[in-house]
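Notes for the one structure printed next.
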Amino acid sequence: MATRFTQKMTINYILLALFIFADNVMFVQVASFGINYGQVANNLPPPNKVLELLSTLKITKTRIYDTNPQILQSFSNSNVEIIVTIENQILNQLSDPQQAFEWVSSHIKPYLPETKITGIQVGNEVFTEIDTSLIQYLVPAVINIYNALVQLGLDTKIHVSTPSSLEVLEESYPPSAGSFRSEISEIMYQLLSFLSKTKSPFWINAYPYFAYKNDPDKISLDYVLFNPNEGMVDPNTMLHYDNMLYAMVDAVTFAIAKLGFKGIEVRVSETGWPSKGDSDEIGATLENAEIYNRNLLKRQMDNEGTPLSPRMRLEAYLFALFNENMKNGPNSERNYGLFEPDESMTYNVGLSAFAKSSTSSTSISLTSSATRTKAARKDCQSLFYWMFVYLLISSFCDFI
């Protein structure tokens with residue numbers, strides 16, 4: 001009986017992996033490297049200088065944590081796409097459709113189309129906020145903001161979502177065990193229903209640094225830094241992981257599938273590594289920060305996907321552009337930046353190479369349209385193949 005039960009559980013995990021994989025193979029995505037532009041500091045350069053810096057480095061995607069009019073105006077007529085954020089403290093107001101419409105009319109519409117606003121993040125890590133009362137307003141606010149965009153004819157150009165921390169997961173190891181916390185599963189289901197209908201991404205703030213800091217004796221530093229290492233094999237799917245970030249993303253994908261959804265792309269809204277920390281913040285060093293972010297950038301430029309979705313490039317936004325001297329918390333919180341406020345590099349992850357070459361760009365398409373067409377054709381063939389395998393395994397499952 002135990003053997004038969006184990007066989008059935010293994011088959012279930014394989015079917016779940018195929019359920020996700022078969023949908024994801026249809027996507028071949030090429031996008032630019034993104035970076036978070038935080039402003040919790042009193043010594044940052046003005047937005048027009050920040051735009052010059054991003055343009056020099058050929059970074060064409062950024063995310064801000066508000067709708068700062070100075071930034072939105074300064075970035076007009078530029079090549080930089082911006083994701084803006086609605087502050088948590090006004091979510092209750094936006095649960096009213098009229099106030100949501102007025103917010104979009106005053107905070108978004110005036111800057112279009114000159115400023116390339118491509119996304120609205122409704123709140124930040126609302127599911128794990130200290131103020132748990134905010135959760136009830138999240139989905140209504142998300143829906144109302146989207147409906148306001150529809151009314152103004154802007155919904156095809158701007159996606160609406162919300163970023164979550166990894167703490168939304170009850171289980172994350174191995175990735176195939178990924179599941180959402182039971183107490184938020186109902187509201188999470190509502191959010192996923194919206195994302196599925198509007199074809200919007202699920203954003204996750206994922207920091208392997210925290211996992212390593214909390215358990216450095218059991219977690220390999222090379223594994224969290226993307227360095228060469230043995231990695232781990234998920235015993236249920238037999239997928240091999242050589243870094244923790246990809247394992248975190250796939251755990252979220254499995255959690256989404258377990259609530260009955262497929263085709264929702266998981267993107268990383270924040271990831272990074274602090275270059276300095278307090279004495280008890282193990283791993284927060286300049287060397288580790290440089291290694292993590294350099295390796296992340298290389299994988300982004302290699303157009304990599306995760307083991308579960310290898311054909312779909314993982315879109316990730318690095319945290320952060322600058323060190324921010326007014327952030328609360330431990331010393332590490334003020335030391336995530338690639339740059340100092342005077343625009344000098346905290347350390348070099350290789351972005352300077354893009355500034356020296358007019359032909360190199362983080363926004364360059366890494367495959368031609370012809371290559372993408374061929375890849376899409378192969379993906380269709382792969383889909384039919386996996387559908388056939390799915391039917392075979394389903395039949396076998398019924399037989400045993």
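Within each chain, counting starts at residue 1; across the structure tokens, chains are named A, B, ... in the order shown, with ligands numbered 1 upward in that order.
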Determine, counting only C-alpha atoms, which protein, DNA and RNA residues have an atom within 12 Å of an atom of Val349 of chain A; residues of the same chain fewer than 6 positions away are not included. Present the result as a ChimeraX atom specification. /A:57,272,286-298,318,337-339
Using only C-alpha atoms for the distances, tell me which of A:Gln73, A:Ser133, A:Thr253, A:Asn144 is nearest to Ser172 of chain A.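 For Ser172 of chain A, the nearest of the candidates is A:Thr253.
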What is the atom CA of Thr346 of chain A to atom CA of Thr56 of chain A distance in Å?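 These atoms are spaced 16.7 Å apart.
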List as a PDB file with N, CA, C and O atoms, in the first residue's frame the protein and nucleic acid residues near Phe254 of chain A, meaning an atom at most 7 Å away when only C-alpha atoms are counted, but skip any in the same chain fewer than 4 places from it.
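What follows is the written file result39.pdb:
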```pdb
ATOM      1  N   SER A 176       8.102  22.002  -5.438  1.00  0.00           N
ATOM      2  CA  SER A 176       6.820  21.350  -5.757  1.00  0.00           C
ATOM      3  C   SER A 176       5.862  21.328  -4.571  1.00  0.00           C
ATOM      4  O   SER A 176       4.661  21.103  -4.738  1.00  0.00           O
ATOM      5  N   GLY A 178       5.273  23.957  -2.835  1.00  0.00           N
ATOM      6  CA  GLY A 178       4.823  25.335  -2.681  1.00  0.00           C
ATOM      7  C   GLY A 178       3.318  25.447  -2.508  1.00  0.00           C
ATOM      8  O   GLY A 178       2.543  24.904  -3.297  1.00  0.00           O
ATOM      9  N   SER A 179       2.897  26.170  -1.476  1.00  0.00           N
ATOM     10  CA  SER A 179       1.470  26.376  -1.210  1.00  0.00           C
ATOM     11  C   SER A 179       1.294  27.665  -0.431  1.00  0.00           C
ATOM     12  O   SER A 179       2.178  28.072   0.335  1.00  0.00           O
ATOM     13  N   ASP A 250       9.615  29.079  -8.589  1.00  0.00           N
ATOM     14  CA  ASP A 250       8.850  27.875  -8.941  1.00  0.00           C
ATOM     15  C   ASP A 250       7.936  27.426  -7.810  1.00  0.00           C
ATOM     16  O   ASP A 250       6.854  26.870  -8.049  1.00  0.00           O
ATOM     17  N   LYS A 258      -1.848  24.992  -7.480  1.00  0.00           N
ATOM     18  CA  LYS A 258      -2.632  24.232  -6.504  1.00  0.00           C
ATOM     19  C   LYS A 258      -3.961  24.902  -6.180  1.00  0.00           C
ATOM     20  O   LYS A 258      -4.867  24.265  -5.644  1.00  0.00           O
TER      21      LYS A 258
END
```
In terms of only C-alpha atoms, the residue from A:Val126, A:Leu166, A:Leu308, A:Val233 at minimal distance from Ile90 of chain A is A:Val126
List every residue of segment 59-221 of chain A that DSSP, applied to the backbone, labels as alpha helix (DSSP H), and write the result as a PDB file with C-alpha atoms, in the first residue's frame.
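Once everything was written out, this is selection_32.pdb:
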```
ATOM      1  CA  PRO A  69       5.079  63.723 -10.304  1.00  0.00           C
ATOM      2  CA  GLN A  70       8.672  64.963 -10.592  1.00  0.00           C
ATOM      3  CA  ILE A  71       9.833  61.542 -11.719  1.00  0.00           C
ATOM      4  CA  LEU A  72       6.903  60.964 -14.052  1.00  0.00           C
ATOM      5  CA  GLN A  73       7.442  64.364 -15.690  1.00  0.00           C
ATOM      6  CA  SER A  74      11.222  63.984 -15.908  1.00  0.00           C
ATOM      7  CA  LEU A  91      -6.059  51.188  -0.325  1.00  0.00           C
ATOM      8  CA  ASN A  92      -9.200  51.646   1.754  1.00  0.00           C
ATOM      9  CA  GLN A  93     -10.078  54.749  -0.252  1.00  0.00           C
ATOM     10  CA  LEU A  94      -9.631  52.942  -3.553  1.00  0.00           C
ATOM     11  CA  PRO A  97     -14.900  52.784  -7.536  1.00  0.00           C
ATOM     12  CA  GLN A  98     -15.327  56.545  -7.894  1.00  0.00           C
ATOM     13  CA  GLN A  99     -12.228  57.344  -5.858  1.00  0.00           C
ATOM     14  CA  ALA A 100     -10.269  54.773  -7.861  1.00  0.00           C
ATOM     15  CA  PHE A 101     -11.395  56.449 -11.089  1.00  0.00           C
ATOM     16  CA  GLU A 102     -10.382  59.861  -9.747  1.00  0.00           C
ATOM     17  CA  TRP A 103      -6.993  58.475  -8.678  1.00  0.00           C
ATOM     18  CA  VAL A 104      -6.230  57.101 -12.145  1.00  0.00           C
ATOM     19  CA  SER A 105      -7.508  60.318 -13.747  1.00  0.00           C
ATOM     20  CA  SER A 106      -5.200  62.491 -11.646  1.00  0.00           C
ATOM     21  CA  HIS A 107      -2.147  60.261 -11.050  1.00  0.00           C
ATOM     22  CA  ILE A 135      -5.978  42.782   3.166  1.00  0.00           C
ATOM     23  CA  GLN A 136      -9.747  43.215   2.851  1.00  0.00           C
ATOM     24  CA  TYR A 137      -9.248  46.288   0.638  1.00  0.00           C
ATOM     25  CA  LEU A 138      -6.642  44.811  -1.697  1.00  0.00           C
ATOM     26  CA  VAL A 139      -8.701  42.945  -4.301  1.00  0.00           C
ATOM     27  CA  PRO A 140     -11.479  45.597  -4.488  1.00  0.00           C
ATOM     28  CA  ALA A 141      -8.789  48.261  -5.011  1.00  0.00           C
ATOM     29  CA  VAL A 142      -7.075  46.178  -7.703  1.00  0.00           C
ATOM     30  CA  ILE A 143     -10.364  45.628  -9.545  1.00  0.00           C
ATOM     31  CA  ASN A 144     -11.439  49.266  -9.258  1.00  0.00           C
ATOM     32  CA  ILE A 145      -8.102  50.563 -10.558  1.00  0.00           C
ATOM     33  CA  TYR A 146      -8.334  48.181 -13.499  1.00  0.00           C
ATOM     34  CA  ASN A 147     -11.926  49.178 -14.237  1.00  0.00           C
ATOM     35  CA  ALA A 148     -10.887  52.833 -14.172  1.00  0.00           C
ATOM     36  CA  LEU A 149      -8.211  52.079 -16.761  1.00  0.00           C
ATOM     37  CA  VAL A 150     -10.845  50.328 -18.880  1.00  0.00           C
ATOM     38  CA  GLN A 151     -13.125  53.378 -18.685  1.00  0.00           C
ATOM     39  CA  SER A 185      -6.019  31.416   0.459  1.00  0.00           C
ATOM     40  CA  GLU A 186      -9.536  32.819  -0.091  1.00  0.00           C
ATOM     41  CA  ILE A 187      -8.364  36.344  -0.886  1.00  0.00           C
ATOM     42  CA  MET A 188      -5.410  34.956  -2.846  1.00  0.00           C
ATOM     43  CA  TYR A 189      -7.872  32.972  -4.960  1.00  0.00           C
ATOM     44  CA  GLN A 190      -9.774  36.201  -5.704  1.00  0.00           C
ATOM     45  CA  LEU A 191      -6.538  37.953  -6.712  1.00  0.00           C
ATOM     46  CA  LEU A 192      -5.454  35.069  -8.924  1.00  0.00           C
ATOM     47  CA  SER A 193      -8.872  35.040 -10.603  1.00  0.00           C
ATOM     48  CA  PHE A 194      -8.353  38.694 -11.510  1.00  0.00           C
ATOM     49  CA  LEU A 195      -4.801  38.130 -12.742  1.00  0.00           C
ATOM     50  CA  SER A 196      -5.917  35.158 -14.837  1.00  0.00           C
ATOM     51  CA  LYS A 197      -8.774  37.087 -16.472  1.00  0.00           C
ATOM     52  CA  THR A 198      -6.643  40.150 -17.228  1.00  0.00           C
ATOM     53  CA  PRO A 208      17.730  34.495  -0.971  1.00  0.00           C
ATOM     54  CA  TYR A 209      19.860  36.714   1.304  1.00  0.00           C
ATOM     55  CA  PHE A 210      17.329  36.458   4.129  1.00  0.00           C
ATOM     56  CA  ALA A 211      17.199  32.672   3.899  1.00  0.00           C
ATOM     57  CA  TYR A 212      20.984  32.485   4.103  1.00  0.00           C
ATOM     58  CA  LYS A 213      21.227  35.026   6.942  1.00  0.00           C
ATOM     59  CA  ASN A 214      18.732  33.058   9.007  1.00  0.00           C
ATOM     60  CA  LEU A 221      26.378  30.423   0.114  1.00  0.00           C
TER      61      LEU A 221
END
```
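For the set A:Lys116, A:Thr306, A:Met244, A:Arg267, the residue with the smallest atom-to-atom gap to Ser161 of chain A is A:Arg267, counting only C-alpha atoms.
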Determine which residues of segment 271-367 of chain A receive a DSSP assignment of strand (DSSP E), computed from the backbone, and state them as a PDB file with N, CA, C and O atoms, in the first residue's frame.
```
ATOM      1  N   THR A 271      14.598  41.796  -5.899  1.00  0.00           N
ATOM      2  CA  THR A 271      15.603  40.869  -5.394  1.00  0.00           C
ATOM      3  C   THR A 271      16.920  41.607  -5.352  1.00  0.00           C
ATOM      4  O   THR A 271      17.150  42.527  -6.143  1.00  0.00           O
ATOM      5  N   ALA A 316      12.991  40.012 -13.851  1.00  0.00           N
ATOM      6  CA  ALA A 316      13.356  40.361 -12.479  1.00  0.00           C
ATOM      7  C   ALA A 316      13.791  41.818 -12.390  1.00  0.00           C
ATOM      8  O   ALA A 316      14.463  42.332 -13.288  1.00  0.00           O
ATOM      9  N   TYR A 317      13.400  42.453 -11.281  1.00  0.00           N
ATOM     10  CA  TYR A 317      13.796  43.827 -10.998  1.00  0.00           C
ATOM     11  C   TYR A 317      14.734  43.817  -9.792  1.00  0.00           C
ATOM     12  O   TYR A 317      14.383  43.331  -8.721  1.00  0.00           O
ATOM     13  N   LEU A 318      15.919  44.349 -10.004  1.00  0.00           N
ATOM     14  CA  LEU A 318      16.921  44.390  -8.950  1.00  0.00           C
ATOM     15  C   LEU A 318      16.596  45.481  -7.937  1.00  0.00           C
ATOM     16  O   LEU A 318      16.164  46.569  -8.299  1.00  0.00           O
TER      17      LEU A 318
END
```
In Å to one decimal, how far is atom CA of Leu134 of chain A from atom CA of Lys199 of chain A?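 Calculated distance between atom CA of Lys199 of chain A and atom CA of Leu134 of chain A is 24.3 Å.
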So which one's closest to Glu170 of chain A, A:Val252, A:Gly119, A:Ser275, A:Ile108? Using only C-alpha atoms, please.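 Of all the options, A:Val252 lies closest to Glu170 of chain A.
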Counting only C-alpha atoms, what is within 6 Å of Asp66 of chain A, bar same-chain residues fewer than 5 positions away, as a ChimeraX atom specification? /A:84-86
File dump, residues just selected, N, CA and C atoms, as a PDB file, in the first residue's frame:
```pdb
ATOM      1  N   VAL A  84       4.515  52.037 -11.507  1.00  0.00           N
ATOM      2  CA  VAL A  84       4.263  52.894 -10.343  1.00  0.00           C
ATOM      3  C   VAL A  84       3.571  52.086  -9.251  1.00  0.00           C
ATOM      4  N   THR A  85       3.550  52.651  -8.052  1.00  0.00           N
ATOM      5  CA  THR A  85       2.993  51.942  -6.902  1.00  0.00           C
ATOM      6  C   THR A  85       1.983  52.819  -6.170  1.00  0.00           C
ATOM      7  N   ILE A  86       0.891  52.190  -5.758  1.00  0.00           N
ATOM      8  CA  ILE A  86      -0.096  52.853  -4.899  1.00  0.00           C
ATOM      9  C   ILE A  86       0.247  52.525  -3.455  1.00  0.00           C
TER      10      ILE A  86
END
```
Closest of A:Lys276, A:Asn79, A:Val40, A:Pro216 to Pro330 of chain A - atom-to-atom distances counting only C-alpha atoms: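 Among A:Lys276, A:Asn79, A:Val40, A:Pro216, it is A:Lys276 that comes nearest to Pro330 of chain A.
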How many Å separate atom CA of Lys327 of chain A from atom CA of Leu53 of chain A? 22.3 Å
Out of A:Asp342, A:Asp302, A:Asp222, A:Glu270, which residue has the shortest atom-to-atom distance to Asn42 of chain A when counting only C-alpha atoms? A:Asp342
